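For reference, the structure is listed below as structure tokens.
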Amino acid sequence: MKSIYDMTEAELRNYQTQKEKEVSMPPGKKRDLVLRTVVKPLLKEAGFRTKRTDWWKELSDGWLFVHLHNSMNNCSVTGCAFRFHFSASKAGELKDELSKQWIYNQGNDLLQRDFLPYAGLLSPFHRADMYQIDGYQNYLPKDEPVELILEQVRSDFEKHILPSLAKIGSVTDWEALQAERKALLWSRENSLLRYYHTACMGISPALVRDSQRRLGLTDEEVLSRPDWLEQIRKGSSWPDADVKAAIQESLRLP
């Protein structure tokens, strides 16, 4: 059989279509299973009420909210990306029904990444600020075992997200947690991990260099965690790319 790199465009597309039909479960179905068997039961047990993809819990002076947001770009190529928004409002400041208050809290909320070690950037199912299930890798659809995805999200909620939320009794408590988490988001370690994710996107050395400058990383920092780089490369969309060579070339640029 031809290598995918030797196929014509039409042959490759036919092969991709065939492989998409062979996956154990479409990525959107895996997300639905995550919600149904992990997230909804855990939030219910934690005292949240729900309506579709929104949850809320009463505080002493207001409400705590959780909202599920799905990427508009979800498809077989990009996979299924989604994230959770967490926010709070005082009782007298509600602008709509409880299931819609998250709309007005945008920009003043936290995402699941804010609760996770290294902002989730070392998780196999995180890209930027979203969970990502499957999608293409080296031009062909991935098919991660759904059990691993369920285990990861369950661990995130049980070990990191829900213990933090359990300490919130008032909007004032929420604001203190929010300030603490926001301060940690742009640590040097997290900036380095963002740089590695960018370098593993298969972009030019010049763009890799631009990313380093934007994040304010020194050459020594860029070369300091080859283990992190290797972990991220393996889970990226282009694991065959010679990322180390691209980084070395970028460092020679003025």
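Note on naming: chains are A, B, ... as they come in the structure tokens, residues start from 1 per chain, ligands start from 1 in the order shown.
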Please provide as a PyMOL selection string all residues within 9 Å of Val39 of chain A, with the sequence filter that same-chain residues fewer than 6 positions apart are discarded (counting only C-alpha atoms). chain A and resi 153-154+157
Selection near Val243 of chain A, 9 Å with only C-alpha atoms, sequence-local residues under 3 positions removed, as a PyMOL selection string: chain A and resi 196+199-202+229-230+233+239-240+246-248
Pull N, CA, C and O atoms from the residues just selected and write them as a PDB file, in the first residue's frame.
ATOM      1  N   TYR A 196       6.289  25.547  23.536  1.00  0.00           N
ATOM      2  CA  TYR A 196       6.475  24.204  22.982  1.00  0.00           C
ATOM      3  C   TYR A 196       5.270  23.772  22.149  1.00  0.00           C
ATOM      4  O   TYR A 196       5.425  23.142  21.095  1.00  0.00           O
ATOM      5  N   ALA A 199       5.633  25.508  18.861  1.00  0.00           N
ATOM      6  CA  ALA A 199       6.713  24.926  18.065  1.00  0.00           C
ATOM      7  C   ALA A 199       6.296  23.601  17.435  1.00  0.00           C
ATOM      8  O   ALA A 199       6.802  23.230  16.372  1.00  0.00           O
ATOM      9  N   CYS A 200       5.380  22.888  18.080  1.00  0.00           N
ATOM     10  CA  CYS A 200       4.942  21.576  17.583  1.00  0.00           C
ATOM     11  C   CYS A 200       3.803  21.671  16.568  1.00  0.00           C
ATOM     12  O   CYS A 200       3.252  20.644  16.154  1.00  0.00           O
ATOM     13  N   MET A 201       3.466  22.874  16.155  1.00  0.00           N
ATOM     14  CA  MET A 201       2.386  23.048  15.183  1.00  0.00           C
ATOM     15  C   MET A 201       2.859  22.910  13.735  1.00  0.00           C
ATOM     16  O   MET A 201       2.074  23.058  12.799  1.00  0.00           O
ATOM     17  N   GLY A 202       4.147  22.689  13.536  1.00  0.00           N
ATOM     18  CA  GLY A 202       4.671  22.540  12.182  1.00  0.00           C
ATOM     19  C   GLY A 202       4.828  23.849  11.442  1.00  0.00           C
ATOM     20  O   GLY A 202       4.819  23.889  10.214  1.00  0.00           O
ATOM     21  N   LEU A 229       9.047  19.050  25.799  1.00  0.00           N
ATOM     22  CA  LEU A 229       8.917  19.193  24.345  1.00  0.00           C
ATOM     23  C   LEU A 229       8.577  17.848  23.705  1.00  0.00           C
ATOM     24  O   LEU A 229       7.697  17.767  22.840  1.00  0.00           O
ATOM     25  N   GLU A 230       9.254  16.801  24.126  1.00  0.00           N
ATOM     26  CA  GLU A 230       9.021  15.476  23.558  1.00  0.00           C
ATOM     27  C   GLU A 230       7.608  14.979  23.867  1.00  0.00           C
ATOM     28  O   GLU A 230       6.923  14.405  23.007  1.00  0.00           O
ATOM     29  N   ARG A 233       5.242  16.969  21.642  1.00  0.00           N
ATOM     30  CA  ARG A 233       5.392  16.565  20.233  1.00  0.00           C
ATOM     31  C   ARG A 233       4.633  15.275  19.939  1.00  0.00           C
ATOM     32  O   ARG A 233       3.941  15.171  18.925  1.00  0.00           O
ATOM     33  N   PRO A 239       3.347  14.706  14.907  1.00  0.00           N
ATOM     34  CA  PRO A 239       4.394  14.083  15.735  1.00  0.00           C
ATOM     35  C   PRO A 239       5.649  13.686  14.963  1.00  0.00           C
ATOM     36  O   PRO A 239       6.685  13.439  15.579  1.00  0.00           O
ATOM     37  N   ASP A 240       5.556  13.623  13.634  1.00  0.00           N
ATOM     38  CA  ASP A 240       6.739  13.264  12.835  1.00  0.00           C
ATOM     39  C   ASP A 240       7.636  14.463  12.536  1.00  0.00           C
ATOM     40  O   ASP A 240       8.737  14.303  11.990  1.00  0.00           O
ATOM     41  N   ALA A 246      13.761  22.538  14.191  1.00  0.00           N
ATOM     42  CA  ALA A 246      13.094  23.819  13.934  1.00  0.00           C
ATOM     43  C   ALA A 246      13.413  24.836  15.024  1.00  0.00           C
ATOM     44  O   ALA A 246      13.641  26.020  14.739  1.00  0.00           O
ATOM     45  N   ILE A 247      13.478  24.374  16.261  1.00  0.00           N
ATOM     46  CA  ILE A 247      13.813  25.271  17.367  1.00  0.00           C
ATOM     47  C   ILE A 247      15.269  25.734  17.253  1.00  0.00           C
ATOM     48  O   ILE A 247      15.569  26.930  17.418  1.00  0.00           O
ATOM     49  N   GLN A 248      16.164  24.806  16.971  1.00  0.00           N
ATOM     50  CA  GLN A 248      17.566  25.179  16.812  1.00  0.00           C
ATOM     51  C   GLN A 248      17.742  26.196  15.691  1.00  0.00           C
ATOM     52  O   GLN A 248      18.501  27.165  15.828  1.00  0.00           O
TER      53      GLN A 248
END
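Near Ser170 of chain A, within a cut-off of 12 Å and counting only C-alpha atoms, sit the residues A:Lys57, A:Glu58, A:Leu59, A:Ser60, A:Asp61, A:Gly62, A:Trp63, A:Leu64, A:Ser87, A:Ala88, A:Ser89, A:Lys90, A:Ala91, A:Leu165, A:Ala166, A:Lys167, A:Ile168, A:Thr172, A:Asp173, A:Trp174, A:Glu175, A:Ala176, A:Leu177, with same-chain residues fewer than 2 positions away left out.
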Go through A:Leu148, A:Val66, A:Asp134, A:Cys80 one by one, measure the shortest atom-to-atom distance of each to Leu98 of chain A using only C-alpha atoms, and give the residue with the smallest value.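 For Leu98 of chain A, the nearest of the candidates is A:Val66.
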Return as JSON lines the residues of segment 38-108 of chain A lying at most 12 Å from segment 113-129 of chain A, together with the closest atom-to-atom pair for each and the distance in Å to one decimal, counting only C-alpha atoms, with rows in chain order and ascending residue number.
{"residue": "A:His69", "atom": "CA", "partner": "A:Asp129", "partner_atom": "CA", "distance": 11.2}
{"residue": "A:Asn70", "atom": "CA", "partner": "A:Asp129", "partner_atom": "CA", "distance": 11.7}
{"residue": "A:Ser71", "atom": "CA", "partner": "A:Asp129", "partner_atom": "CA", "distance": 10.9}
{"residue": "A:Thr78", "atom": "CA", "partner": "A:Arg127", "partner_atom": "CA", "distance": 10.9}
{"residue": "A:Gly79", "atom": "CA", "partner": "A:Phe125", "partner_atom": "CA", "distance": 10.8}
{"residue": "A:Cys80", "atom": "CA", "partner": "A:Phe125", "partner_atom": "CA", "distance": 10.4}
{"residue": "A:Ala81", "atom": "CA", "partner": "A:Arg127", "partner_atom": "CA", "distance": 8.3}
{"residue": "A:Phe82", "atom": "CA", "partner": "A:Asp129", "partner_atom": "CA", "distance": 8.7}
{"residue": "A:Arg83", "atom": "CA", "partner": "A:Asp129", "partner_atom": "CA", "distance": 7.0}
{"residue": "A:Phe84", "atom": "CA", "partner": "A:Arg113", "partner_atom": "CA", "distance": 8.7}
{"residue": "A:His85", "atom": "CA", "partner": "A:Arg113", "partner_atom": "CA", "distance": 9.7}
{"residue": "A:Phe86", "atom": "CA", "partner": "A:Asp114", "partner_atom": "CA", "distance": 9.8}
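Neighbours of Gln18 of chain A closer than or equal to 12 Å, with only C-alpha atoms counted and sequence neighbours fewer than 6 positions away skipped, come out as Glu11, Leu12, Leu140 and Pro141 of chain A.
For the residues A:Trp186, A:Lys2, A:Asp54, A:Lys244, ranking by smallest atom-to-atom distance to Ile103 of chain A using only C-alpha atoms places A:Asp54 first.
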Extract, using only C-alpha atoms, all DNA, RNA and protein residues at most 12 Å from Lys40 of chain A, discarding same-chain residues fewer than 5 positions from it, and format them as a list in words.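 That gives Asp32, Leu33, Val34, Leu35, Glu45, Ala46, Gly47, Phe48, Arg49, Thr50, Lys51, Arg52, Thr53, Asp54, Trp55, Trp56, Val66, His67, Leu68, Val153, Arg154 and Phe157 of chain A.
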Which residue is closest to Pro26 of chain A? Choose from A:Ile133, A:Leu94, A:Val171, A:Ala10 and count only C-alpha atoms. A:Ile133
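Nearest-residue note for Asn190 of chain A: choosing from A:Leu215, A:Val146, A:Met7, A:Met130, the minimum distance belongs to A:Leu215, counting only C-alpha atoms.
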Residues of segment 40-241 of chain A in strand (DSSP E or B), written as a PyMOL selection string: chain A and resi 49-51+54-58+62-70+75+79-90+110-111+126-127+130-133+136-137+140-141
